[in-house]
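Shown next: input.cif, given as mmCIF, C-alpha atoms, pLDDT in the B column; chains and numbers go by the auth columns.
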```
data_structure
#
loop_
_atom_site.group_PDB
_atom_site.id
_atom_site.type_symbol
_atom_site.label_atom_id
_atom_site.label_comp_id
_atom_site.label_asym_id
_atom_site.label_seq_id
_atom_site.Cartn_x
_atom_site.Cartn_y
_atom_site.Cartn_z
_atom_site.B_iso_or_equiv
_atom_site.auth_seq_id
_atom_site.auth_asym_id
ATOM 1 C CA MET A 1 16.652 4.916 4.291 48.00 1 A
ATOM 2 C CA ARG A 2 15.354 3.780 7.653 52.00 2 A
ATOM 3 C CA ASN A 3 14.721 6.421 10.274 53.00 3 A
ATOM 4 C CA GLU A 4 16.935 8.995 8.606 53.00 4 A
ATOM 5 C CA THR A 5 16.766 12.715 9.176 50.00 5 A
ATOM 6 C CA ILE A 6 17.166 14.827 6.071 52.00 6 A
ATOM 7 C CA SER A 7 18.296 18.414 6.048 50.00 7 A
ATOM 8 C CA ASN A 8 19.647 21.133 3.773 50.00 8 A
ATOM 9 C CA HIS A 9 22.614 23.442 4.417 55.00 9 A
ATOM 10 C CA ASN A 10 20.653 25.513 6.947 58.00 10 A
ATOM 11 C CA ASP A 11 19.775 22.446 9.086 62.00 11 A
ATOM 12 C CA THR A 12 16.149 22.991 8.134 60.00 12 A
ATOM 13 C CA PRO A 13 14.535 19.659 7.240 62.00 13 A
ATOM 14 C CA THR A 14 13.566 19.402 3.585 59.00 14 A
ATOM 15 C CA PRO A 15 11.016 16.752 2.620 53.00 15 A
ATOM 16 C CA PRO A 16 11.696 14.708 -0.493 48.00 16 A
ATOM 17 C CA ILE A 17 9.320 15.213 -3.401 59.00 17 A
ATOM 18 C CA ALA A 18 7.920 11.666 -3.493 87.00 18 A
ATOM 19 C CA SER A 19 6.901 11.216 0.139 90.00 19 A
ATOM 20 C CA LEU A 20 3.685 11.274 2.144 92.00 20 A
ATOM 21 C CA SER A 21 2.649 12.162 5.664 94.00 21 A
ATOM 22 C CA LYS A 22 1.495 9.350 7.935 94.00 22 A
ATOM 23 C CA LYS A 23 -2.154 10.268 7.432 94.00 23 A
ATOM 24 C CA ASP A 24 -1.820 10.365 3.630 95.00 24 A
ATOM 25 C CA PHE A 25 0.208 7.145 3.576 94.00 25 A
ATOM 26 C CA ALA A 26 -2.467 5.383 5.656 94.00 26 A
ATOM 27 C CA LYS A 27 -5.186 6.685 3.342 94.00 27 A
ATOM 28 C CA ARG A 28 -3.243 5.537 0.261 92.00 28 A
ATOM 29 C CA HIS A 29 -3.195 1.975 1.629 90.00 29 A
ATOM 30 C CA SER A 30 -6.720 1.977 3.103 92.00 30 A
ATOM 31 C CA SER A 31 -5.292 1.626 6.592 93.00 31 A
ATOM 32 C CA SER A 32 -5.359 3.552 9.847 94.00 32 A
ATOM 33 C CA PRO A 33 -2.504 5.734 11.134 94.00 33 A
ATOM 34 C CA ARG A 34 -2.124 3.200 13.994 95.00 34 A
ATOM 35 C CA THR A 35 -1.490 0.440 11.439 94.00 35 A
ATOM 36 C CA VAL A 36 1.170 2.645 9.839 94.00 36 A
ATOM 37 C CA ASP A 37 2.772 3.038 13.297 94.00 37 A
ATOM 38 C CA ASN A 38 2.919 -0.755 13.520 94.00 38 A
ATOM 39 C CA TRP A 39 4.535 -0.960 10.064 94.00 39 A
ATOM 40 C CA VAL A 40 7.187 1.534 11.213 94.00 40 A
ATOM 41 C CA ALA A 41 7.832 -0.618 14.296 94.00 41 A
ATOM 42 C CA PHE A 42 8.292 -3.626 11.981 93.00 42 A
ATOM 43 C CA GLY A 43 10.815 -1.745 9.815 93.00 43 A
ATOM 44 C CA CYS A 44 8.921 0.242 7.183 94.00 44 A
ATOM 45 C CA PRO A 45 11.300 2.891 5.745 93.00 45 A
ATOM 46 C CA VAL A 46 10.586 6.332 7.183 93.00 46 A
ATOM 47 C CA LEU A 47 12.224 9.760 7.107 91.00 47 A
ATOM 48 C CA ARG A 48 12.192 11.558 10.453 91.00 48 A
ATOM 49 C CA VAL A 49 11.878 15.269 9.785 88.00 49 A
ATOM 50 C CA SER A 50 11.553 16.073 13.494 88.00 50 A
ATOM 51 C CA SER A 51 10.800 14.159 16.675 85.00 51 A
ATOM 52 C CA ARG A 52 7.090 13.992 15.763 87.00 52 A
ATOM 53 C CA LYS A 53 7.010 14.467 11.990 91.00 53 A
ATOM 54 C CA LEU A 54 7.484 11.400 9.794 92.00 54 A
ATOM 55 C CA LEU A 55 7.529 11.215 6.016 93.00 55 A
ATOM 56 C CA PHE A 56 7.098 8.024 4.052 94.00 56 A
ATOM 57 C CA PRO A 57 9.027 7.736 0.766 93.00 57 A
ATOM 58 C CA ILE A 58 6.430 6.256 -1.580 92.00 58 A
ATOM 59 C CA ALA A 59 8.682 4.003 -3.680 91.00 59 A
ATOM 60 C CA ASP A 60 10.626 2.590 -0.710 92.00 60 A
ATOM 61 C CA CYS A 61 7.539 2.025 1.416 92.00 61 A
ATOM 62 C CA ASP A 62 5.554 0.423 -1.402 90.00 62 A
ATOM 63 C CA ALA A 63 8.485 -1.925 -2.103 91.00 63 A
ATOM 64 C CA TRP A 64 8.712 -2.789 1.613 92.00 64 A
ATOM 65 C CA LEU A 65 4.984 -3.535 1.759 91.00 65 A
ATOM 66 C CA ARG A 66 5.190 -5.715 -1.376 89.00 66 A
ATOM 67 C CA GLU A 67 8.055 -7.723 0.130 88.00 67 A
ATOM 68 C CA ARG A 68 6.411 -7.998 3.532 85.00 68 A
ATOM 69 C CA PHE A 69 2.764 -8.492 2.631 79.00 69 A
ATOM 70 C CA LEU A 70 2.850 -9.291 -1.109 70.00 70 A
ATOM 71 C CA VAL A 71 0.516 -6.366 -1.798 55.00 71 A
ATOM 72 C CA ALA A 72 1.148 -2.631 -1.949 48.00 72 A
ATOM 73 C CA ARG A 73 -2.240 -1.184 -2.751 56.00 73 A
ATOM 74 C CA ARG A 74 -5.617 -2.742 -2.454 58.00 74 A
ATOM 75 C CA LYS A 75 -7.532 -3.080 -5.693 57.00 75 A
ATOM 76 C CA PRO A 76 -11.049 -4.375 -6.279 56.00 76 A
ATOM 77 C CA SER A 77 -10.894 -8.123 -6.839 56.00 77 A
ATOM 78 C CA HIS A 78 -13.579 -8.176 -9.526 57.00 78 A
ATOM 79 C CA THR A 79 -15.083 -5.635 -11.842 55.00 79 A
ATOM 80 C CA ALA A 80 -18.551 -5.765 -13.326 53.00 80 A
ATOM 81 C CA ALA A 81 -17.091 -6.670 -16.715 54.00 81 A
ATOM 82 C CA SER A 82 -15.087 -9.595 -15.373 53.00 82 A
ATOM 83 C CA ARG A 83 -18.126 -10.951 -13.505 52.00 83 A
ATOM 84 C CA SER A 84 -20.212 -10.977 -16.661 52.00 84 A
ATOM 85 C CA GLN A 85 -17.438 -12.723 -18.570 58.00 85 A
ATOM 86 C CA ARG A 86 -17.198 -15.695 -16.191 56.00 86 A
ATOM 87 C CA ILE A 87 -17.957 -19.033 -17.763 56.00 87 A
ATOM 88 C CA ALA A 88 -20.847 -21.004 -16.277 56.00 88 A
ATOM 89 C CA PRO A 89 -20.135 -24.611 -15.235 57.00 89 A
ATOM 90 C CA THR A 90 -20.520 -27.053 -18.085 58.00 90 A
ATOM 91 C CA THR A 91 -23.179 -29.715 -18.124 59.00 91 A
ATOM 92 C CA GLU A 92 -21.464 -32.293 -20.299 62.00 92 A
ATOM 93 C CA GLY A 93 -23.523 -35.319 -21.238 60.00 93 A
ATOM 94 C CA GLN A 94 -26.819 -33.691 -20.378 59.00 94 A
ATOM 95 C CA THR A 95 -29.375 -33.025 -23.063 60.00 95 A
ATOM 96 C CA GLU A 96 -32.106 -30.458 -22.980 59.00 96 A
ATOM 97 C CA GLY A 97 -34.899 -31.377 -20.579 59.00 97 A
ATOM 98 C CA THR A 98 -32.892 -33.956 -18.596 57.00 98 A
ATOM 99 C CA VAL A 99 -31.356 -33.413 -15.242 56.00 99 A
#
```
Target format structure tokens, applied to this file:
Amino acid sequence: MRNETISNHNDTPTPPIASLSKKDFAKRHSSSPRTVDNWVAFGCPVLRVSSRKLLFPIADCDAWLRERFLVARRKPSHTAASRSQRIAPTTEGQTEGTV
């Protein structure tokens, strides 16, 4: 699906249901539109609706990003619950009052 133009019987471009504009795609991945331009240059799947309008099929682009960068969407690395559940280092062999 790279750089394809989609159209209906009237030659009027019809966007697929599961696609995003460049701005929305950049926002979804916490990136800038310029970064998305770079991804397109490196081969990210894109649908060209017109000479200036690009649509990004969500499933194809997310799969491409996973393959290329091993991550599709940024998620917080730690939550408050997981921080409180961390185990403190053990002090084996030490008794109370000794250091």
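Distance-wise, atom CA of A:Ser50 and atom CA of A:Arg68 end up 26.6 Å apart.
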What separation in Å, quoted to one decimal, exists between atom CA of A:Ala63 and atom CA of A:Thr35?
-> 17.0 Å
Go ahead and compute the interatomic distance for atom CA of A:Ala59 and atom CA of A:Arg34, in Å to one decimal.
-> 20.7 Å
Starting from the displayed file, determine the output of the PyMOL selection byres ((chain A and resi 36) around 12) and express the residue list as a PyMOL selection string.
-> chain A and resi 20-35+37-46+54-56+61+65
